[in-house]
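Below is input_35.pdb, holding PDB, C-alpha atoms.
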```
ATOM      1  CA  MET V   1      29.287 -34.380  42.022
ATOM      2  CA  ASP V   2      30.163 -37.949  41.057
ATOM      3  CA  ASP V   3      27.860 -40.962  41.092
ATOM      4  CA  ALA V   4      29.525 -42.450  44.171
ATOM      5  CA  GLY V   5      31.878 -41.550  46.976
ATOM      6  CA  VAL V   6      35.495 -42.580  46.465
ATOM      7  CA  VAL V   7      37.971 -43.122  49.322
ATOM      8  CA  LEU V   8      41.634 -43.465  48.370
ATOM      9  CA  LEU V   9      43.459 -46.174  50.312
ATOM     10  CA  GLY V  10      47.170 -46.106  51.065
ATOM     11  CA  GLN V  11      49.861 -47.219  53.486
ATOM     12  CA  ALA V  12      47.847 -45.965  56.453
ATOM     13  CA  GLU V  13      45.198 -48.552  55.547
ATOM     14  CA  GLY V  14      47.792 -51.319  55.202
ATOM     15  CA  LEU V  15      48.541 -51.202  51.475
ATOM     16  CA  PRO V  16      52.157 -51.594  50.279
ATOM     17  CA  ALA V  17      53.945 -48.438  49.160
ATOM     18  CA  GLY V  18      53.115 -47.535  45.572
ATOM     19  CA  VAL V  19      49.873 -49.529  45.432
ATOM     20  CA  ARG V  20      46.903 -47.390  44.395
ATOM     21  CA  LEU V  21      43.400 -48.551  45.219
ATOM     22  CA  ALA V  22      40.175 -46.802  46.158
ATOM     23  CA  LEU V  23      36.853 -47.795  47.685
ATOM     24  CA  VAL V  24      33.661 -46.835  45.844
ATOM     25  CA  LEU V  25      30.700 -46.231  48.179
ATOM     26  CA  THR V  26      27.104 -45.707  47.105
ATOM     27  CA  VAL V  27      23.536 -46.188  48.304
ATOM     28  CA  ASP V  28      20.207 -46.231  46.469
ATOM     29  CA  PHE V  29      16.654 -47.352  47.256
ATOM     30  CA  PHE V  30      13.212 -46.486  45.901
ATOM     31  CA  PRO V  31       9.536 -47.541  45.868
ATOM     32  CA  PRO V  32       8.291 -50.166  43.371
ATOM     33  CA  VAL V  33       8.591 -49.296  39.691
ATOM     34  CA  VAL V  34       6.907 -52.549  38.590
ATOM     35  CA  GLU V  35       4.272 -54.721  40.276
ATOM     36  CA  ASP V  36       6.241 -57.961  39.977
ATOM     37  CA  PRO V  37       8.102 -58.345  43.325
ATOM     38  CA  TYR V  38      11.023 -60.337  41.916
ATOM     39  CA  PHE V  39      11.703 -57.787  39.183
ATOM     40  CA  TYR V  40      11.290 -54.949  41.679
ATOM     41  CA  GLY V  41      14.084 -56.388  43.809
ATOM     42  CA  ALA V  42      16.273 -57.136  40.798
ATOM     43  CA  ILE V  43      15.833 -53.627  39.369
ATOM     44  CA  ALA V  44      16.585 -52.027  42.735
ATOM     45  CA  ALA V  45      19.805 -54.032  42.960
ATOM     46  CA  ALA V  46      20.889 -53.292  39.382
ATOM     47  CA  ASN V  47      20.248 -49.609  39.969
ATOM     48  CA  SER V  48      22.273 -49.624  43.197
ATOM     49  CA  LEU V  49      25.200 -51.433  41.580
ATOM     50  CA  SER V  50      25.185 -49.075  38.605
ATOM     51  CA  ASP V  51      26.894 -46.210  40.425
ATOM     52  CA  VAL V  52      29.927 -48.417  41.058
ATOM     53  CA  TYR V  53      30.065 -49.327  37.372
ATOM     54  CA  ALA V  54      29.720 -45.662  36.408
ATOM     55  CA  MET V  55      32.974 -44.996  38.289
ATOM     56  CA  GLY V  56      34.729 -47.823  36.433
ATOM     57  CA  GLY V  57      34.694 -49.963  39.572
ATOM     58  CA  ARG V  58      33.904 -53.503  40.637
ATOM     59  CA  PRO V  59      31.308 -54.251  43.371
ATOM     60  CA  LEU V  60      32.537 -56.162  46.410
ATOM     61  CA  SER V  61      29.715 -56.201  48.958
ATOM     62  CA  ALA V  62      26.230 -54.876  49.586
ATOM     63  CA  LEU V  63      24.018 -54.070  52.565
ATOM     64  CA  THR V  64      20.273 -54.502  52.124
ATOM     65  CA  LEU V  65      17.948 -51.574  52.880
ATOM     66  CA  ALA V  66      14.249 -52.393  53.167
ATOM     67  CA  SER V  67      11.168 -50.572  54.395
ATOM     68  CA  LEU V  68       8.111 -52.833  54.269
ATOM     69  CA  PRO V  69       4.538 -52.574  55.608
ATOM     70  CA  LYS V  70       3.750 -54.626  58.707
ATOM     71  CA  ASP V  71       1.129 -56.699  56.889
ATOM     72  CA  PHE V  72       3.126 -57.182  53.688
ATOM     73  CA  PRO V  73       2.710 -60.756  52.316
ATOM     74  CA  ALA V  74       5.645 -62.942  53.300
ATOM     75  CA  GLU V  75       5.934 -64.382  49.791
ATOM     76  CA  TRP V  76       6.317 -60.869  48.347
ATOM     77  CA  VAL V  77       9.051 -60.061  50.877
ATOM     78  CA  GLU V  78      10.837 -63.241  49.857
ATOM     79  CA  GLU V  79      10.555 -62.502  46.140
ATOM     80  CA  ILE V  80      11.776 -58.916  46.461
ATOM     81  CA  HIS V  81      14.840 -60.069  48.364
ATOM     82  CA  ARG V  82      15.422 -62.988  46.018
ATOM     83  CA  GLY V  83      15.427 -60.679  42.995
ATOM     84  CA  GLY V  84      17.832 -58.297  44.692
ATOM     85  CA  PHE V  85      20.152 -61.017  45.975
ATOM     86  CA  ASP V  86      20.278 -62.720  42.569
ATOM     87  CA  LYS V  87      21.582 -59.504  40.991
ATOM     88  CA  ILE V  88      24.103 -58.821  43.745
ATOM     89  CA  HIS V  89      25.456 -62.341  43.305
ATOM     90  CA  GLU V  90      25.447 -61.963  39.505
ATOM     91  CA  ALA V  91      27.692 -58.933  40.015
ATOM     92  CA  GLY V  92      30.138 -61.090  41.966
ATOM     93  CA  ALA V  93      29.474 -59.253  45.221
ATOM     94  CA  SER V  94      28.491 -60.551  48.642
ATOM     95  CA  ILE V  95      25.508 -59.674  50.822
ATOM     96  CA  ALA V  96      27.139 -58.438  54.031
ATOM     97  CA  GLY V  97      24.017 -57.678  56.048
ATOM     98  CA  GLY V  98      21.354 -55.001  56.027
ATOM     99  CA  HIS V  99      18.546 -53.289  57.875
ATOM    100  CA  THR V 100      14.751 -53.524  57.663
ATOM    101  CA  VAL V 101      12.101 -51.208  59.115
ATOM    102  CA  GLN V 102       8.320 -51.079  58.965
ATOM    103  CA  GLY V 103       6.912 -48.375  56.693
ATOM    104  CA  GLN V 104       6.039 -47.579  53.104
ATOM    105  CA  ILE V 105       7.634 -49.870  50.537
ATOM    106  CA  GLN V 106      11.251 -48.946  49.753
ATOM    107  CA  PHE V 107      14.037 -51.315  48.746
ATOM    108  CA  GLY V 108      17.640 -51.044  47.692
ATOM    109  CA  PHE V 109      21.260 -51.518  48.677
ATOM    110  CA  SER V 110      24.338 -49.763  49.968
ATOM    111  CA  VAL V 111      27.157 -51.045  47.769
ATOM    112  CA  THR V 112      30.915 -51.021  48.324
ATOM    113  CA  GLY V 113      33.279 -51.556  45.414
ATOM    114  CA  ILE V 114      36.886 -50.979  44.426
ATOM    115  CA  VAL V 115      38.455 -49.029  41.588
ATOM    116  CA  ASP V 116      41.937 -48.239  40.298
ATOM    117  CA  PRO V 117      42.200 -44.443  40.792
ATOM    118  CA  ASP V 118      44.228 -44.164  37.593
ATOM    119  CA  ARG V 119      41.389 -45.724  35.560
ATOM    120  CA  MET V 120      38.434 -44.193  37.363
ATOM    121  CA  THR V 121      35.758 -42.567  35.197
ATOM    122  CA  ALA V 122      34.698 -39.436  37.060
ATOM    123  CA  ASN V 123      32.200 -36.825  35.899
ATOM    124  CA  SER V 124      35.052 -34.323  35.728
ATOM    125  CA  GLY V 125      37.111 -36.347  33.271
ATOM    126  CA  ALA V 126      35.451 -35.271  29.993
ATOM    127  CA  ARG V 127      37.387 -33.128  27.532
ATOM    128  CA  VAL V 128      36.599 -31.102  24.425
ATOM    129  CA  GLY V 129      36.589 -33.411  21.418
ATOM    130  CA  ASP V 130      35.363 -36.465  23.313
ATOM    131  CA  VAL V 131      32.571 -38.552  21.809
ATOM    132  CA  LEU V 132      29.460 -39.541  23.792
ATOM    133  CA  TYR V 133      28.059 -43.069  23.886
ATOM    134  CA  LEU V 134      24.912 -44.428  25.554
ATOM    135  CA  THR V 135      24.666 -48.134  26.419
ATOM    136  CA  LYS V 136      20.905 -48.635  26.961
ATOM    137  CA  PRO V 137      17.954 -47.131  25.088
ATOM    138  CA  LEU V 138      15.855 -44.506  26.872
ATOM    139  CA  GLY V 139      12.235 -44.732  27.921
ATOM    140  CA  MET V 140      11.973 -46.462  31.298
ATOM    141  CA  GLY V 141      10.224 -43.554  33.015
ATOM    142  CA  THR V 142       7.593 -43.397  30.315
ATOM    143  CA  MET V 143       7.162 -47.181  30.211
ATOM    144  CA  THR V 144       6.569 -47.479  33.956
ATOM    145  CA  THR V 145       4.294 -44.432  33.986
ATOM    146  CA  ALA V 146       2.249 -45.866  31.121
ATOM    147  CA  ALA V 147       1.883 -49.130  33.049
ATOM    148  CA  LYS V 148       0.763 -47.347  36.225
ATOM    149  CA  LYS V 149      -1.890 -45.499  34.206
ATOM    150  CA  GLY V 150      -3.114 -48.720  32.571
ATOM    151  CA  ALA V 151      -2.012 -47.711  29.075
ATOM    152  CA  ILE V 152       0.124 -50.850  28.716
ATOM    153  CA  GLY V 153       0.088 -54.227  30.448
ATOM    154  CA  TRP V 154       2.742 -56.521  31.881
ATOM    155  CA  ALA V 155       3.377 -58.119  28.479
ATOM    156  CA  GLU V 156       4.517 -54.738  27.143
ATOM    157  CA  LEU V 157       6.293 -53.704  30.346
ATOM    158  CA  ARG V 158       8.215 -56.916  30.990
ATOM    159  CA  PRO V 159      10.890 -56.273  28.313
ATOM    160  CA  ALA V 160      11.481 -52.882  29.929
ATOM    161  CA  ALA V 161      11.709 -54.573  33.346
ATOM    162  CA  GLU V 162      14.301 -56.949  31.917
ATOM    163  CA  GLN V 163      16.331 -54.017  30.615
ATOM    164  CA  MET V 164      16.153 -52.221  33.976
ATOM    165  CA  ALA V 165      17.312 -55.410  35.713
ATOM    166  CA  THR V 166      20.295 -55.768  33.366
ATOM    167  CA  LEU V 167      23.613 -54.921  35.012
ATOM    168  CA  ASN V 168      25.977 -52.333  33.546
ATOM    169  CA  ASP V 169      28.956 -54.584  34.275
ATOM    170  CA  ARG V 170      29.798 -55.422  30.663
ATOM    171  CA  ALA V 171      29.451 -51.824  29.524
ATOM    172  CA  CYS V 172      31.754 -50.826  32.379
ATOM    173  CA  ALA V 173      34.337 -53.430  31.392
ATOM    174  CA  ALA V 174      34.229 -52.195  27.800
ATOM    175  CA  MET V 175      34.800 -48.554  28.670
ATOM    176  CA  VAL V 176      37.636 -49.345  31.089
ATOM    177  CA  ALA V 177      39.316 -51.526  28.470
ATOM    178  CA  ALA V 178      38.990 -48.738  25.900
ATOM    179  CA  GLY V 179      40.392 -46.040  28.179
ATOM    180  CA  ALA V 180      37.336 -43.862  28.738
ATOM    181  CA  ARG V 181      37.885 -40.975  31.146
ATOM    182  CA  ALA V 182      34.368 -39.849  32.074
ATOM    183  CA  CYS V 183      31.074 -41.615  32.690
ATOM    184  CA  THR V 184      27.783 -41.399  34.520
ATOM    185  CA  ASP V 185      24.800 -43.711  34.690
ATOM    186  CA  VAL V 186      21.478 -42.394  33.430
ATOM    187  CA  THR V 187      18.900 -42.624  36.199
ATOM    188  CA  GLY V 188      16.501 -40.236  37.931
ATOM    189  CA  PHE V 189      17.764 -37.003  36.379
ATOM    190  CA  GLY V 190      17.356 -38.385  32.854
ATOM    191  CA  LEU V 191      19.838 -38.250  29.985
ATOM    192  CA  VAL V 192      19.956 -34.453  29.902
ATOM    193  CA  GLY V 193      20.232 -34.073  33.663
ATOM    194  CA  HIS V 194      23.060 -36.555  34.043
ATOM    195  CA  GLY V 195      24.760 -35.217  30.928
ATOM    196  CA  ARG V 196      24.553 -31.785  32.512
ATOM    197  CA  ASN V 197      26.466 -33.126  35.527
ATOM    198  CA  ILE V 198      29.349 -34.280  33.337
ATOM    199  CA  ALA V 199      29.405 -30.952  31.489
ATOM    200  CA  ALA V 200      29.356 -28.874  34.673
ATOM    201  CA  ALA V 201      32.093 -30.923  36.354
ATOM    202  CA  SER V 202      34.290 -30.910  33.244
ATOM    203  CA  GLY V 203      33.736 -27.299  32.130
ATOM    204  CA  VAL V 204      32.443 -28.284  28.673
ATOM    205  CA  THR V 205      29.211 -28.380  26.698
ATOM    206  CA  LEU V 206      27.588 -31.653  25.672
ATOM    207  CA  ARG V 207      26.003 -31.562  22.249
ATOM    208  CA  ILE V 208      23.485 -34.385  21.939
ATOM    209  CA  GLU V 209      22.157 -35.339  18.507
ATOM    210  CA  SER V 210      18.572 -36.117  19.467
ATOM    211  CA  ALA V 211      17.801 -38.276  16.438
ATOM    212  CA  ARG V 212      20.736 -40.569  17.284
ATOM    213  CA  VAL V 213      19.614 -41.319  20.842
ATOM    214  CA  PRO V 214      18.248 -44.901  20.982
ATOM    215  CA  LEU V 215      14.706 -45.262  22.292
ATOM    216  CA  PHE V 216      13.060 -48.330  23.771
ATOM    217  CA  GLY V 217      10.393 -50.164  21.763
ATOM    218  CA  ASP V 218       7.288 -48.073  21.085
ATOM    219  CA  VAL V 219       8.077 -45.527  23.798
ATOM    220  CA  LEU V 220       8.028 -42.619  21.347
ATOM    221  CA  GLU V 221       4.347 -43.234  20.673
ATOM    222  CA  LEU V 222       3.662 -43.353  24.426
ATOM    223  CA  SER V 223       5.485 -40.052  24.784
ATOM    224  CA  ARG V 224       3.323 -38.544  22.047
ATOM    225  CA  ARG V 225       0.335 -39.535  24.187
ATOM    226  CA  GLY V 226       1.745 -37.552  27.101
ATOM    227  CA  LEU V 227       2.650 -40.578  29.214
ATOM    228  CA  ASN V 228       6.048 -39.338  30.368
ATOM    229  CA  SER V 229       6.875 -39.425  34.054
ATOM    230  CA  GLY V 230       6.803 -36.245  36.097
ATOM    231  CA  GLY V 231      10.576 -36.088  35.699
ATOM    232  CA  ALA V 232      10.286 -34.932  32.092
ATOM    233  CA  LYS V 233       8.489 -31.714  32.971
ATOM    234  CA  ARG V 234      10.589 -31.108  36.087
ATOM    235  CA  GLY V 235      13.771 -31.533  34.077
ATOM    236  CA  ARG V 236      12.685 -29.035  31.434
ATOM    237  CA  THR V 237      11.842 -26.513  34.154
ATOM    238  CA  THR V 238      14.857 -27.064  36.399
ATOM    239  CA  LEU V 239      17.413 -27.054  33.578
ATOM    240  CA  ALA V 240      15.830 -24.318  31.464
ATOM    241  CA  THR V 241      18.833 -21.975  31.763
ATOM    242  CA  GLU V 242      21.413 -24.737  31.321
ATOM    243  CA  VAL V 243      20.095 -26.456  28.210
ATOM    244  CA  SER V 244      19.465 -25.117  24.713
ATOM    245  CA  VAL V 245      16.936 -26.942  22.550
ATOM    246  CA  ALA V 246      17.161 -26.382  18.822
ATOM    247  CA  GLY V 247      13.990 -25.368  17.024
ATOM    248  CA  GLY V 248      12.103 -28.001  15.088
ATOM    249  CA  LEU V 249      12.947 -30.976  17.290
ATOM    250  CA  ASP V 250      10.263 -33.594  17.856
ATOM    251  CA  GLU V 251       8.639 -32.625  21.164
ATOM    252  CA  ALA V 252       7.855 -36.205  22.170
ATOM    253  CA  ARG V 253      11.455 -37.280  21.564
ATOM    254  CA  THR V 254      12.780 -34.263  23.455
ATOM    255  CA  SER V 255      10.586 -35.124  26.448
ATOM    256  CA  LEU V 256      12.178 -38.575  26.562
ATOM    257  CA  LEU V 257      15.645 -37.029  26.756
ATOM    258  CA  PHE V 258      14.582 -35.189  29.923
ATOM    259  CA  ASP V 259      12.479 -38.013  31.377
ATOM    260  CA  ALA V 260      13.597 -39.891  34.472
ATOM    261  CA  GLU V 261      15.190 -43.288  33.935
ATOM    262  CA  THR V 262      15.447 -46.225  36.308
ATOM    263  CA  SER V 263      18.609 -48.325  36.082
ATOM    264  CA  GLY V 264      19.504 -46.800  32.727
ATOM    265  CA  GLY V 265      22.663 -47.284  30.744
ATOM    266  CA  LEU V 266      26.076 -45.665  31.017
ATOM    267  CA  LEU V 267      26.745 -42.312  29.362
ATOM    268  CA  ILE V 268      30.400 -42.531  28.371
ATOM    269  CA  ALA V 269      32.731 -39.760  27.191
ATOM    270  CA  ILE V 270      35.821 -41.016  25.386
ATOM    271  CA  PRO V 271      38.511 -39.357  23.242
ATOM    272  CA  ALA V 272      37.628 -39.516  19.563
ATOM    273  CA  GLY V 273      40.801 -41.472  18.847
ATOM    274  CA  LYS V 274      39.605 -44.261  21.153
ATOM    275  CA  ALA V 275      35.989 -44.330  19.963
ATOM    276  CA  ALA V 276      36.530 -47.182  17.505
ATOM    277  CA  LEU V 277      38.156 -49.253  20.254
ATOM    278  CA  LEU V 278      35.197 -48.589  22.575
ATOM    279  CA  GLU V 279      32.800 -49.687  19.851
ATOM    280  CA  ARG V 280      34.730 -52.936  19.395
ATOM    281  CA  GLU V 281      34.833 -53.559  23.143
ATOM    282  CA  LEU V 282      31.091 -52.911  23.491
ATOM    283  CA  ALA V 283      30.207 -55.098  20.510
ATOM    284  CA  ALA V 284      32.410 -57.913  21.818
ATOM    285  CA  ARG V 285      30.312 -57.904  24.996
ATOM    286  CA  ASP V 286      26.949 -57.717  23.161
ATOM    287  CA  GLN V 287      26.367 -54.155  24.347
ATOM    288  CA  LEU V 288      24.531 -51.385  22.527
ATOM    289  CA  VAL V 289      26.860 -49.251  20.385
ATOM    290  CA  ALA V 290      25.228 -45.828  20.198
ATOM    291  CA  PRO V 291      27.277 -42.669  19.617
ATOM    292  CA  ILE V 292      24.929 -39.809  20.450
ATOM    293  CA  GLY V 293      27.002 -36.653  20.480
ATOM    294  CA  GLU V 294      30.229 -34.850  21.277
ATOM    295  CA  LEU V 295      31.844 -32.503  23.775
ATOM    296  CA  LEU V 296      32.482 -28.889  22.794
ATOM    297  CA  PRO V 297      34.051 -25.845  24.456
ATOM    298  CA  HIS V 298      31.651 -24.357  26.959
ATOM    299  CA  SER V 299      29.100 -22.340  24.987
ATOM    300  CA  GLY V 300      27.187 -20.736  27.866
ATOM    301  CA  VAL V 301      24.946 -23.752  28.440
ATOM    302  CA  HIS V 302      25.851 -27.208  29.675
ATOM    303  CA  VAL V 303      23.837 -29.197  27.124
ATOM    304  CA  GLU V 304      22.814 -28.477  23.539
ATOM    305  CA  LEU V 305      20.079 -30.624  22.001
ATOM    306  CA  ARG V 306      20.279 -30.695  18.225
TER     307      ARG V 306
END
```
Now that the file is in, can you turn its structure into structure tokens?
Amino acid sequence: MDDAGVVLLGQAEGLPAGVRLALVLTVDFFPPVVEDPYFYGAIAAANSLSDVYAMGGRPLSALTLASLPKDFPAEWVEEIHRGGFDKIHEAGASIAGGHTVQGQIQFGFSVTGIVDPDRMTANSGARVGDVLYLTKPLGMGTMTTAAKKGAIGWAELRPAAEQMATLNDRACAAMVAAGARACTDVTGFGLVGHGRNIAAASGVTLRIESARVPLFGDVLELSRRGLNSGGAKRGRTTLATEVSVAGGLDEARTSLLFDAETSGGLLIAIPAGKAALLERELAARDQLVAPIGELLPHSGVHVELR
């Protein structure tokens, strides 16, 4: 299953003969991951837009989805929307409407984008011999969990909030320019879970070199203190038969590979012969350059952690 729905347009929709274009359709909303209302809205928007970027697309418009308590402070409502709208506009998309209901706090967007079908980066596009790149360091699930438990304060969490609110637009542009053929964004299923989706769709095995995976700030120490989100344990349990974990790996680091992310980076699979070009394209856009593994013939599991 891909990160977003894709609808191919043609002459029946009014396009000239020979023109290939597709709509990318996605929706995402969630409860607050940080206490700052502006950052909450911005993160929700960045996360919603990310699925379009994971397909190699460009966002066009967004519909707001909000569930808010009846007695929610008006200034908080304004800040949540302002954060979200700022990110939608940063992406070059338009707010086309939305819907609000009373209830527990949830916020996000339904996003429509476009993509060239011939350059689309689907989960099924990975091939044996491809190289894997990750464009944001891991650790958002652990950072937000640590903050909720009072282990860190806003000063420590704010840099993580800034990362979560950062769009994947430049990473997307880099991979499209380099000719990548498969990609996913790393969100609620964690690095391993989303990597598993690429492997399953493409009929390959992802080998991830754990020591090469970039981690955020001091998140490894937080993981050693057991401050991972619930997603880390669920991922280990759910994917037990689909993932092999080499002996001797650092347990705290391994937990971070399974842990849930919010608005994480892109996980890109690209032919080895184009890897140097991808690195140049990423560096030119001030994006993280982090090769973390390779794609192998299917070995009986979808992901190998080494």
Checklist entry - Hey, what's within 6 Å of range 36-49 of chain V if we count only C-alpha atoms and toss same-chain stuff fewer than 6 positions away? As a VMD selection string, please? => result chain V and resid 28 76 79 to 81 83 to 84 87 108 to 109 164 to 165 167 263
Checklist entry - Written as number ranges by chain, what is the full residue list that the PyMOL selection byres ((chain V and resi 287-302) around 7) yields on the file shown? => result V: 127-136, 171, 196, 199-200, 203-209, 212-213, 242-244, 279, 282-283, 285-286, 303-304
Item to check | the PyMOL selection byres ((chain V and resi 172) around 10) resolved against shown file, as a list in words | outcome: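 Against this file, the PyMOL selection byres ((chain V and resi 172) around 10) returns the residues Ser50, Val52, Tyr53, Ala54, Met55, Gly56, Gly57, Arg58, Thr121, Thr135, Leu167, Asn168, Asp169, Arg170, Ala171, Ala173, Ala174, Met175, Val176, Ala177, Ala178, Ala180, Cys183, Gly265, Leu266, Ile268 and Leu282 of chain V.
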Output the selection as an mmCIF file, in the frame of the given file - C-alpha atoms for each residue.
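Output file result11.cif follows:
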```
data_model
loop_
_atom_site.group_PDB
_atom_site.id
_atom_site.type_symbol
_atom_site.label_atom_id
_atom_site.label_comp_id
_atom_site.auth_asym_id
_atom_site.auth_seq_id
_atom_site.Cartn_x
_atom_site.Cartn_y
_atom_site.Cartn_z
ATOM 1 C CA SER V 50 25.185 -49.075 38.605
ATOM 2 C CA VAL V 52 29.927 -48.417 41.058
ATOM 3 C CA TYR V 53 30.065 -49.327 37.372
ATOM 4 C CA ALA V 54 29.720 -45.662 36.408
ATOM 5 C CA MET V 55 32.974 -44.996 38.289
ATOM 6 C CA GLY V 56 34.729 -47.823 36.433
ATOM 7 C CA GLY V 57 34.694 -49.963 39.572
ATOM 8 C CA ARG V 58 33.904 -53.503 40.637
ATOM 9 C CA THR V 121 35.758 -42.567 35.197
ATOM 10 C CA THR V 135 24.666 -48.134 26.419
ATOM 11 C CA LEU V 167 23.613 -54.921 35.012
ATOM 12 C CA ASN V 168 25.977 -52.333 33.546
ATOM 13 C CA ASP V 169 28.956 -54.584 34.275
ATOM 14 C CA ARG V 170 29.798 -55.422 30.663
ATOM 15 C CA ALA V 171 29.451 -51.824 29.524
ATOM 16 C CA ALA V 173 34.337 -53.430 31.392
ATOM 17 C CA ALA V 174 34.229 -52.195 27.800
ATOM 18 C CA MET V 175 34.800 -48.554 28.670
ATOM 19 C CA VAL V 176 37.636 -49.345 31.089
ATOM 20 C CA ALA V 177 39.316 -51.526 28.470
ATOM 21 C CA ALA V 178 38.990 -48.738 25.900
ATOM 22 C CA ALA V 180 37.336 -43.862 28.738
ATOM 23 C CA CYS V 183 31.074 -41.615 32.690
ATOM 24 C CA GLY V 265 22.663 -47.284 30.744
ATOM 25 C CA LEU V 266 26.076 -45.665 31.017
ATOM 26 C CA ILE V 268 30.400 -42.531 28.371
ATOM 27 C CA LEU V 282 31.091 -52.911 23.491
#
```
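The smallest atom-to-atom distance between Pro59 in chain V and any of V:Pro159, V:Gly195, V:Gly230, V:Gly92, using only C-alpha atoms, is found for V:Gly92.
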Next on the checklist: Given only C-alpha atoms as the basis, pick out the residue of V:Val192, V:Leu267, V:Leu249, V:Leu21 nearest to Ala211 in chain V.
Outcome noted: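 Using only C-alpha atoms, the shortest distance to Ala211 in chain V belongs to V:Leu249.
The coordinates place CA of Gly231 in chain V at 15.4 Å from CA of Val219 in chain V.
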Checklist entry - What is the CA of Arg234 in chain V-CA of Ala66 in chain V distance in Å, reported with one decimal? => result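 Between CA of Arg234 in chain V and CA of Ala66 in chain V the gap works out to 27.5 Å.
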Checklist entry - Nearest to Phe189 in chain V among V:Asp218, V:Glu156, V:Asp71, V:Asp259, with distances taken over only C-alpha atoms: which residue is it? => result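 Closest residue, counting only C-alpha atoms: V:Asp259.
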Next on the checklist: Can you tell me which residues surround Gly5 in chain V at a distance of at most 9 Å, considering only C-alpha atoms, apart from same-chain residues fewer than 6 positions away, and format the answer as a PyMOL selection string?
Outcome noted: chain V and resi 23-26
Select, counting only C-alpha atoms, all protein, DNA and RNA residues no farther than 9 Å from (9.5, -47.7, 39.7) in file coordinates, and express the selection as an mmCIF file with C-alpha atoms, in the frame of the given file.
```cif
data_model
loop_
_atom_site.group_PDB
_atom_site.id
_atom_site.type_symbol
_atom_site.label_atom_id
_atom_site.label_comp_id
_atom_site.auth_asym_id
_atom_site.auth_seq_id
_atom_site.Cartn_x
_atom_site.Cartn_y
_atom_site.Cartn_z
ATOM 1 C CA PHE V 30 13.212 -46.486 45.901
ATOM 2 C CA PRO V 31 9.536 -47.541 45.868
ATOM 3 C CA PRO V 32 8.291 -50.166 43.371
ATOM 4 C CA VAL V 33 8.591 -49.296 39.691
ATOM 5 C CA VAL V 34 6.907 -52.549 38.590
ATOM 6 C CA GLU V 35 4.272 -54.721 40.276
ATOM 7 C CA TYR V 40 11.290 -54.949 41.679
ATOM 8 C CA ILE V 43 15.833 -53.627 39.369
ATOM 9 C CA ALA V 44 16.585 -52.027 42.735
ATOM 10 C CA MET V 140 11.973 -46.462 31.298
ATOM 11 C CA GLY V 141 10.224 -43.554 33.015
ATOM 12 C CA THR V 144 6.569 -47.479 33.956
ATOM 13 C CA THR V 145 4.294 -44.432 33.986
ATOM 14 C CA THR V 262 15.447 -46.225 36.308
#
```
If I wrap all listed atoms of range 244-258 of chain V in a box with edges along x, y and z and add 6 Å on each side, what are its centre and edge lengths in Å to one decimal, as lines of an AutoDock Vina configuration file?
```
center_x = 13.7
center_y = -31.8
center_z = 22.5
size_x = 23.6
size_y = 25.5
size_z = 26.8
```
Next on the checklist: Given the PyMOL selection byres ((chain V and resi 93) around 10) and the file above, list the residues it selects as a list in words.
Outcome noted: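 Checked against the file, the PyMOL selection byres ((chain V and resi 93) around 10) matches Leu49, Arg58, Pro59, Leu60, Ser61, Ala62, Phe85, Lys87, Ile88, His89, Glu90, Ala91, Gly92, Ser94, Ile95, Ala96, Val111, Thr112 and Gly113 of chain V.
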Dump C-alpha atoms for the selected residues as a PDB file, in the frame of the given file?
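Result file follows (selection07.pdb):
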```pdb
ATOM      1  CA  LEU V  49      25.200 -51.433  41.580  1.00  0.00           C
ATOM      2  CA  ARG V  58      33.904 -53.503  40.637  1.00  0.00           C
ATOM      3  CA  PRO V  59      31.308 -54.251  43.371  1.00  0.00           C
ATOM      4  CA  LEU V  60      32.537 -56.162  46.410  1.00  0.00           C
ATOM      5  CA  SER V  61      29.715 -56.201  48.958  1.00  0.00           C
ATOM      6  CA  ALA V  62      26.230 -54.876  49.586  1.00  0.00           C
ATOM      7  CA  PHE V  85      20.152 -61.017  45.975  1.00  0.00           C
ATOM      8  CA  LYS V  87      21.582 -59.504  40.991  1.00  0.00           C
ATOM      9  CA  ILE V  88      24.103 -58.821  43.745  1.00  0.00           C
ATOM     10  CA  HIS V  89      25.456 -62.341  43.305  1.00  0.00           C
ATOM     11  CA  GLU V  90      25.447 -61.963  39.505  1.00  0.00           C
ATOM     12  CA  ALA V  91      27.692 -58.933  40.015  1.00  0.00           C
ATOM     13  CA  GLY V  92      30.138 -61.090  41.966  1.00  0.00           C
ATOM     14  CA  SER V  94      28.491 -60.551  48.642  1.00  0.00           C
ATOM     15  CA  ILE V  95      25.508 -59.674  50.822  1.00  0.00           C
ATOM     16  CA  ALA V  96      27.139 -58.438  54.031  1.00  0.00           C
ATOM     17  CA  VAL V 111      27.157 -51.045  47.769  1.00  0.00           C
ATOM     18  CA  THR V 112      30.915 -51.021  48.324  1.00  0.00           C
ATOM     19  CA  GLY V 113      33.279 -51.556  45.414  1.00  0.00           C
TER      20      GLY V 113
END
```
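The point (19.3, -28.7, 17.3) has these residues within 8 Å of it, counting only C-alpha atoms: Glu209, Ser210, Val245, Ala246, Gly247, Gly248, Leu249, Glu304, Leu305 and Arg306 of chain V.
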Item to check | Residue contacts of Asn123 in chain V (9 Å, only C-alpha atoms) excluding same-chain residues fewer than 5 positions away, as a ChimeraX atom specification | outcome: /V:1-3,55,181-184,197-202
Checklist entry - When you draw a straight line from CA of Arg224 in chain V to CA of Trp154 in chain V, how long is it in Å? => result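 About the pair CA of Arg224 in chain V and CA of Trp154 in chain V: they are 20.5 Å apart.
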Next on the checklist: With only C-alpha atoms as the counted atoms, please give the residues lying no more than 12 Å from Arg20 in chain V, apart from itself and same-chain residues fewer than 5 positions off, as a list in words.
Outcome noted: Val7, Leu8, Leu9, Gly10, Gln11, Glu13, Gly14, Leu15, Ile114, Val115, Asp116, Pro117, Asp118, Arg119 and Met120 of chain V
